[in-house]
Amino acid sequence: MTFWEHLDDLRGVLVRVAATVAVCAVSAFVAMPWIFDNVVLAPCSPDFWLYRLLDTAGATDASRPLRIELVSIELASQFFIHMSAACWTAFIVAFPIIIYQLWGFVSPALYEHEKRGMRRAFVLGNCMFYLGAATGYFFVFPIALRFLADYSLSPSISSVVSLDSYMDNFFTVVLLMGTVFELPLLAWLLGCVGLLHRSFFRRYRRHAIVACLTAAALITPTGDPFTLFAVFIPIYTLWEFSARLVKEQKSA
């Protein structure tokens with residue numbers, strides 16, 4: 001194929017990707033009121049499952065249920081939040097389809113053994129992205145939200161959360177955790193090209209534990225061990241899982 005034929009194929013891939021995202025965005029826009037009430041705003045409810053678990057375990061004060069009041073400050077905030085939330089939701093839902101379309105464009109140029117490796121990377125990358133997004137939604141964001149909502153500098157100051165601030169933090173945490181959970185895939189790819197070996201993880205395991213504990217403490221500055229380890233365990237598990245995906249260095 002000539003350069004222009006490849007370019008034409010790429011244009012077709014981009015058109016299909018854009019069409020997929022557009023269909024998902026329109027569907028998400030229509031369903032967004034239900035998604036908001038049952039998914040996005042669920043961590044604002046004191047009946048959210050993680051809050052009940054923390055109250056039962058004695059990690060939080062059950063006599064002080066979570067109270068969050070969201071307000072829309074700007075006139076057009078709710079409309080633009082509706083639009084942006086539909087687009088982000090479409091990206092999250094269509095993520096595997098987007099990667100698959102790009103894979104279909106690249107795969108003819110790969111050897112058979114390279115295709116097998118990329119198929120494993122495709123499956124692992126998608127699974128880890130959604131696992132990370134779920135961890136951000138079900139664990140990290142609710143814990144951070146509860147701490148920040150309960151934090152009080154002075155009793156005379158009442159906490160009112162703007163809708164824009166809530167949504168910025170919501171999508172940032174969910175997408176950030178989805179991205180962080182791609183680290184095992186990165187480690188595996190670096191291991192495949194010989195840039196990373198399992199000895200690296202053994203040598204720096206103690207450093208990793210301290211770094212993961214520090215990250216967990218920054219995410220959940222509540223001070224109680226239960227909340228700290230609820231965030232630390234998934235992060236450190238990524239480190240150990242990454243080590244299992246990397247081969248030992250061959251001796252000379």
# chains A, B, ... in the order shown; residues from 1 in each chain; ligands from 1
>>> residues_around(residues="stretch 32-43 of chain A", least_positions_apart="6", cutoff="12 Å", atoms="only C-alpha atoms", output="PyMOL selection string")
chain A and resi 24-26+49-52+66-70+78-79+81-90+134+136-146+149+163+166-171+174
>>> write_last_selection(atoms="N, CA and C atoms", output="short mmCIF file (atom, residue, chain, number, x, y, z; two decimals), in the first residue's frame")
data_model
loop_
_atom_site.label_atom_id
_atom_site.label_comp_id
_atom_site.auth_asym_id
_atom_site.auth_seq_id
_atom_site.Cartn_x
_atom_site.Cartn_y
_atom_site.Cartn_z
N CYS A 24 -22.07 6.79 21.66
CA CYS A 24 -22.02 6.60 23.12
C CYS A 24 -22.33 7.90 23.86
N ALA A 25 -21.84 9.03 23.33
CA ALA A 25 -22.09 10.32 23.99
C ALA A 25 -23.57 10.69 23.94
N VAL A 26 -24.22 10.46 22.80
CA VAL A 26 -25.65 10.76 22.69
C VAL A 26 -26.44 9.87 23.65
N TRP A 49 -22.29 2.20 50.30
CA TRP A 49 -21.87 0.95 50.95
C TRP A 49 -20.55 1.10 51.72
N LEU A 50 -19.61 1.91 51.20
CA LEU A 50 -18.32 2.06 51.87
C LEU A 50 -18.48 2.79 53.20
N TYR A 51 -19.37 3.79 53.24
CA TYR A 51 -19.60 4.52 54.50
C TYR A 51 -20.22 3.60 55.54
N ARG A 52 -21.14 2.75 55.12
CA ARG A 52 -21.74 1.80 56.07
C ARG A 52 -20.69 0.83 56.60
N LEU A 66 -22.70 11.50 56.76
CA LEU A 66 -22.21 12.41 55.72
C LEU A 66 -23.34 13.30 55.22
N ARG A 67 -23.06 14.59 55.16
CA ARG A 67 -24.03 15.56 54.61
C ARG A 67 -23.31 16.44 53.61
N ILE A 68 -23.68 16.32 52.35
CA ILE A 68 -23.07 17.11 51.29
C ILE A 68 -24.16 17.83 50.52
N GLU A 69 -24.03 19.13 50.42
CA GLU A 69 -24.99 19.95 49.68
C GLU A 69 -24.30 20.50 48.44
N LEU A 70 -24.76 20.06 47.28
CA LEU A 70 -24.21 20.53 46.02
C LEU A 70 -25.02 21.71 45.49
N GLN A 78 -24.99 23.53 34.92
CA GLN A 78 -25.63 22.23 34.81
C GLN A 78 -25.67 21.73 33.36
N PHE A 79 -25.87 22.65 32.42
CA PHE A 79 -25.89 22.24 31.02
C PHE A 79 -24.51 21.77 30.57
N ILE A 81 -22.03 20.73 32.47
CA ILE A 81 -21.70 19.50 33.20
C ILE A 81 -22.39 18.32 32.54
N HIS A 82 -23.64 18.52 32.11
CA HIS A 82 -24.37 17.47 31.41
C HIS A 82 -23.61 17.06 30.14
N MET A 83 -23.14 18.03 29.39
CA MET A 83 -22.42 17.75 28.15
C MET A 83 -21.08 17.06 28.42
N SER A 84 -20.30 17.62 29.33
CA SER A 84 -18.96 17.07 29.59
C SER A 84 -19.04 15.69 30.22
N ALA A 85 -20.01 15.49 31.13
CA ALA A 85 -20.16 14.18 31.75
C ALA A 85 -20.55 13.13 30.72
N ALA A 86 -21.38 13.50 29.74
CA ALA A 86 -21.75 12.57 28.68
C ALA A 86 -20.53 12.20 27.84
N CYS A 87 -19.66 13.17 27.56
CA CYS A 87 -18.46 12.90 26.76
C CYS A 87 -17.48 12.00 27.51
N TRP A 88 -17.26 12.29 28.80
CA TRP A 88 -16.34 11.46 29.58
C TRP A 88 -16.89 10.05 29.75
N THR A 89 -18.18 9.94 29.96
CA THR A 89 -18.80 8.62 30.07
C THR A 89 -18.67 7.85 28.78
N ALA A 90 -18.86 8.55 27.64
CA ALA A 90 -18.71 7.90 26.34
C ALA A 90 -17.28 7.40 26.14
N ALA A 134 -12.88 1.47 38.71
CA ALA A 134 -13.78 0.98 39.75
C ALA A 134 -13.20 1.23 41.14
N GLY A 136 -11.15 3.66 41.93
CA GLY A 136 -11.30 5.09 42.18
C GLY A 136 -12.71 5.47 42.58
N TYR A 137 -13.70 4.85 41.93
CA TYR A 137 -15.09 5.19 42.22
C TYR A 137 -15.58 4.62 43.55
N PHE A 138 -15.27 3.36 43.80
CA PHE A 138 -15.82 2.69 44.98
C PHE A 138 -15.01 2.92 46.26
N PHE A 139 -13.70 3.27 46.12
CA PHE A 139 -12.87 3.39 47.31
C PHE A 139 -12.26 4.78 47.47
N VAL A 140 -11.43 5.19 46.51
CA VAL A 140 -10.61 6.38 46.69
C VAL A 140 -11.46 7.65 46.76
N PHE A 141 -12.32 7.86 45.78
CA PHE A 141 -13.12 9.09 45.76
C PHE A 141 -14.06 9.19 46.98
N PRO A 142 -14.81 8.16 47.35
CA PRO A 142 -15.67 8.30 48.54
C PRO A 142 -14.90 8.60 49.81
N ILE A 143 -13.71 7.98 49.99
CA ILE A 143 -12.92 8.23 51.19
C ILE A 143 -12.44 9.68 51.22
N ALA A 144 -11.91 10.16 50.09
CA ALA A 144 -11.46 11.54 50.02
C ALA A 144 -12.63 12.51 50.19
N LEU A 145 -13.77 12.19 49.59
CA LEU A 145 -14.95 13.05 49.69
C LEU A 145 -15.42 13.16 51.13
N ARG A 146 -15.46 12.03 51.81
CA ARG A 146 -15.94 12.05 53.19
C ARG A 146 -15.01 12.86 54.09
N ALA A 149 -15.36 16.61 53.14
CA ALA A 149 -16.67 17.15 53.49
C ALA A 149 -16.81 17.34 55.00
N LEU A 163 -21.06 22.27 42.15
CA LEU A 163 -21.20 21.14 41.24
C LEU A 163 -19.95 20.98 40.38
N TYR A 166 -17.14 19.36 42.43
CA TYR A 166 -17.42 17.94 42.66
C TYR A 166 -17.13 17.11 41.42
N MET A 167 -17.58 17.57 40.26
CA MET A 167 -17.39 16.80 39.04
C MET A 167 -15.93 16.76 38.61
N ASP A 168 -15.21 17.88 38.80
CA ASP A 168 -13.79 17.89 38.46
C ASP A 168 -13.04 16.83 39.27
N ASN A 169 -13.31 16.78 40.57
CA ASN A 169 -12.64 15.80 41.43
C ASN A 169 -13.10 14.38 41.12
N PHE A 170 -14.37 14.22 40.80
CA PHE A 170 -14.92 12.89 40.51
C PHE A 170 -14.23 12.27 39.29
N PHE A 171 -14.23 12.97 38.18
CA PHE A 171 -13.65 12.41 36.97
C PHE A 171 -12.13 12.35 37.05
N VAL A 174 -11.37 9.13 39.18
CA VAL A 174 -11.74 7.90 38.47
C VAL A 174 -10.79 7.64 37.30
#
>>> residues_around(residues="A:Arg198", least_positions_apart="6", cutoff="12 Å", atoms="only C-alpha atoms", output="list of chain:residue names")
A:Ala187, A:Trp188, A:Leu190, A:Gly191, A:Cys192, A:Tyr204, A:Arg205, A:Trp239, A:Glu240, A:Phe241, A:Ser242, A:Ala243, A:Arg244, A:Leu245, A:Val246, A:Lys247, A:Glu248, A:Gln249, A:Lys250
>>> write_last_selection(atoms="C-alpha atoms", output="PDB file, in the first residue's frame")
ATOM      1  CA  ALA A 187       6.037  -2.877  33.361  1.00  0.00           C
ATOM      2  CA  TRP A 188       5.221  -5.863  31.145  1.00  0.00           C
ATOM      3  CA  LEU A 190       9.319  -2.684  29.398  1.00  0.00           C
ATOM      4  CA  GLY A 191      10.111  -6.232  30.449  1.00  0.00           C
ATOM      5  CA  CYS A 192       9.400  -7.533  26.947  1.00  0.00           C
ATOM      6  CA  TYR A 204      13.285  -1.550  45.623  1.00  0.00           C
ATOM      7  CA  ARG A 205      10.450  -3.360  47.457  1.00  0.00           C
ATOM      8  CA  TRP A 239       3.557  -3.246  42.452  1.00  0.00           C
ATOM      9  CA  GLU A 240       3.569  -6.965  43.225  1.00  0.00           C
ATOM     10  CA  PHE A 241       1.420  -7.774  40.196  1.00  0.00           C
ATOM     11  CA  SER A 242       3.824  -5.814  37.979  1.00  0.00           C
ATOM     12  CA  ALA A 243       6.720  -7.854  39.385  1.00  0.00           C
ATOM     13  CA  ARG A 244       4.983 -11.096  38.403  1.00  0.00           C
ATOM     14  CA  LEU A 245       4.633  -9.904  34.806  1.00  0.00           C
ATOM     15  CA  VAL A 246       8.356  -9.207  34.397  1.00  0.00           C
ATOM     16  CA  LYS A 247      10.874 -11.960  33.720  1.00  0.00           C
ATOM     17  CA  GLU A 248      14.090 -12.637  35.567  1.00  0.00           C
ATOM     18  CA  GLN A 249      17.254 -11.205  34.057  1.00  0.00           C
ATOM     19  CA  LYS A 250      19.223 -13.855  32.225  1.00  0.00           C
TER      20      LYS A 250
END
>>> atom_distance(atom1="atom CA of A:Met128", atom2="atom CA of A:Gly178")
7.1 Å
>>> residues_around(residues="stretch 227-235 of chain A", least_positions_apart="6", cutoff="7 Å", atoms="only C-alpha atoms", output="list in words")
Val140, Cys212, Leu213, Ala216, Ala217 and Thr220 of chain A
>>> select_by_dssp(residues="stretch 49-233 of chain A", states="helix (DSSP H, G or I)", output="ChimeraX atom specification")
/A:49-57,77-109,112-150,163-180,183-192,198-203,205-219,225-233
>>> write_last_selection(atoms="C-alpha atoms", output="short mmCIF file (atom, residue, chain, number, x, y, z; two decimals), in the first residue's frame")
data_model
loop_
_atom_site.label_atom_id
_atom_site.label_comp_id
_atom_site.auth_asym_id
_atom_site.auth_seq_id
_atom_site.Cartn_x
_atom_site.Cartn_y
_atom_site.Cartn_z
CA TRP A 49 -21.87 0.95 50.95
CA LEU A 50 -18.32 2.06 51.87
CA TYR A 51 -19.60 4.52 54.50
CA ARG A 52 -21.74 1.80 56.07
CA LEU A 53 -18.71 -0.50 56.11
CA LEU A 54 -16.52 2.14 57.75
CA ASP A 55 -19.21 2.92 60.33
CA THR A 56 -19.63 -0.78 61.13
CA ALA A 57 -15.86 -1.23 61.49
CA SER A 77 -23.07 25.01 34.86
CA GLN A 78 -25.63 22.23 34.81
CA PHE A 79 -25.89 22.24 31.02
CA PHE A 80 -22.12 22.16 30.50
CA ILE A 81 -21.70 19.50 33.20
CA HIS A 82 -24.37 17.47 31.41
CA MET A 83 -22.42 17.75 28.15
CA SER A 84 -18.96 17.07 29.59
CA ALA A 85 -20.16 14.18 31.75
CA ALA A 86 -21.75 12.57 28.68
CA CYS A 87 -18.46 12.90 26.76
CA TRP A 88 -16.34 11.46 29.58
CA THR A 89 -18.80 8.62 30.07
CA ALA A 90 -18.71 7.90 26.34
CA PHE A 91 -14.90 7.77 26.43
CA ILE A 92 -14.89 5.34 29.38
CA VAL A 93 -17.51 3.07 27.80
CA ALA A 94 -15.99 3.18 24.31
CA PHE A 95 -12.37 2.80 25.49
CA PRO A 96 -12.02 -0.87 24.38
CA ILE A 97 -13.64 -0.15 21.01
CA ILE A 98 -11.29 2.79 20.41
CA ILE A 99 -8.24 0.68 21.20
CA TYR A 100 -9.57 -2.18 19.06
CA GLN A 101 -10.05 0.11 16.06
CA LEU A 102 -6.51 1.46 16.40
CA TRP A 103 -5.25 -2.10 16.80
CA GLY A 104 -6.95 -3.08 13.54
CA PHE A 105 -5.00 -0.34 11.76
CA VAL A 106 -1.61 -1.29 13.23
CA SER A 107 -1.87 -5.11 13.28
CA PRO A 108 -1.21 -5.77 9.53
CA ALA A 109 2.32 -4.37 9.99
CA GLU A 112 2.55 -13.11 14.23
CA HIS A 113 4.46 -13.31 17.54
CA GLU A 114 4.08 -9.54 17.94
CA LYS A 115 0.34 -9.85 17.36
CA ARG A 116 0.05 -12.44 20.14
CA GLY A 117 1.84 -10.09 22.52
CA MET A 118 -0.35 -7.16 21.54
CA ARG A 119 -3.51 -9.22 22.05
CA ARG A 120 -2.44 -9.95 25.63
CA ALA A 121 -1.62 -6.27 26.10
CA PHE A 122 -5.06 -5.31 24.76
CA VAL A 123 -6.88 -7.61 27.20
CA LEU A 124 -4.67 -6.69 30.16
CA GLY A 125 -4.84 -2.96 29.45
CA ASN A 126 -8.63 -2.89 29.26
CA CYS A 127 -9.13 -5.04 32.36
CA MET A 128 -6.69 -2.94 34.40
CA PHE A 129 -8.21 0.35 33.21
CA TYR A 130 -11.71 -0.64 34.33
CA LEU A 131 -10.40 -2.17 37.56
CA GLY A 132 -8.60 1.07 38.34
CA ALA A 133 -11.64 3.20 37.49
CA ALA A 134 -13.78 0.98 39.75
CA THR A 135 -11.24 1.33 42.57
CA GLY A 136 -11.30 5.09 42.18
CA TYR A 137 -15.09 5.19 42.22
CA PHE A 138 -15.82 2.69 44.98
CA PHE A 139 -12.87 3.39 47.31
CA VAL A 140 -10.61 6.38 46.69
CA PHE A 141 -13.12 9.09 45.76
CA PRO A 142 -15.67 8.30 48.54
CA ILE A 143 -12.92 8.23 51.19
CA ALA A 144 -11.46 11.54 50.02
CA LEU A 145 -14.95 13.05 49.69
CA ARG A 146 -15.94 12.05 53.19
CA PHE A 147 -12.78 13.44 54.74
CA LEU A 148 -12.93 16.76 52.88
CA ALA A 149 -16.67 17.15 53.49
CA ASP A 150 -16.26 16.56 57.24
CA LEU A 163 -21.20 21.14 41.24
CA ASP A 164 -18.17 22.03 39.09
CA SER A 165 -15.73 21.25 41.91
CA TYR A 166 -17.42 17.94 42.66
CA MET A 167 -17.39 16.80 39.04
CA ASP A 168 -13.79 17.89 38.46
CA ASN A 169 -12.64 15.80 41.43
CA PHE A 170 -14.92 12.89 40.51
CA PHE A 171 -13.65 12.41 36.97
CA THR A 172 -10.06 13.26 37.92
CA VAL A 173 -9.93 10.52 40.57
CA VAL A 174 -11.74 7.90 38.47
CA LEU A 175 -9.65 8.48 35.33
CA LEU A 176 -6.42 8.92 37.30
CA MET A 177 -6.90 5.57 39.04
CA GLY A 178 -7.74 3.97 35.69
CA THR A 179 -4.46 5.33 34.33
CA VAL A 180 -2.44 4.30 37.41
CA LEU A 183 1.34 0.47 35.37
CA PRO A 184 1.47 -3.37 35.25
CA LEU A 185 0.98 -3.15 31.48
CA LEU A 186 3.81 -0.62 31.25
CA ALA A 187 6.04 -2.88 33.36
CA TRP A 188 5.22 -5.86 31.14
CA LEU A 189 6.02 -3.94 27.95
CA LEU A 190 9.32 -2.68 29.40
CA GLY A 191 10.11 -6.23 30.45
CA CYS A 192 9.40 -7.53 26.95
CA ARG A 198 12.18 -8.76 38.32
CA SER A 199 15.34 -8.00 40.30
CA PHE A 200 14.37 -4.32 40.14
CA PHE A 201 11.19 -5.00 42.12
CA ARG A 202 13.05 -7.08 44.72
CA ARG A 203 15.73 -4.42 45.15
CA ARG A 205 10.45 -3.36 47.46
CA ARG A 206 11.07 -1.51 50.74
CA HIS A 207 11.15 1.80 48.92
CA ALA A 208 7.91 0.87 47.16
CA ILE A 209 6.18 0.10 50.47
CA VAL A 210 7.15 3.51 51.86
CA ALA A 211 6.10 5.26 48.63
CA CYS A 212 2.74 3.44 48.55
CA LEU A 213 2.08 4.24 52.21
CA THR A 214 2.93 7.89 51.56
CA ALA A 215 0.60 8.00 48.54
CA ALA A 216 -2.19 6.36 50.55
CA ALA A 217 -1.69 8.84 53.40
CA LEU A 218 -1.91 11.77 50.98
CA ILE A 219 -5.07 10.39 49.40
CA PRO A 225 -5.31 2.60 59.99
CA PHE A 226 -8.38 0.99 58.37
CA THR A 227 -8.85 3.76 55.81
CA LEU A 228 -5.10 4.03 55.20
CA PHE A 229 -4.71 0.34 54.41
CA ALA A 230 -7.93 0.27 52.36
CA VAL A 231 -6.12 2.53 49.88
CA PHE A 232 -2.59 1.17 50.42
CA ILE A 233 -3.44 -2.46 49.62
#
>>> atom_distance(atom1="atom CA of A:Glu74", atom2="atom CA of A:Ala28")
22.8 Å
>>> closest_residue(among="A:Ser72, A:Ser27, A:Thr2, A:Thr237", to="A:Ser162", atoms="only C-alpha atoms")
A:Ser72
>>> atom_distance(atom1="atom CA of A:Tyr236", atom2="atom CA of A:Phe181")
10.9 Å
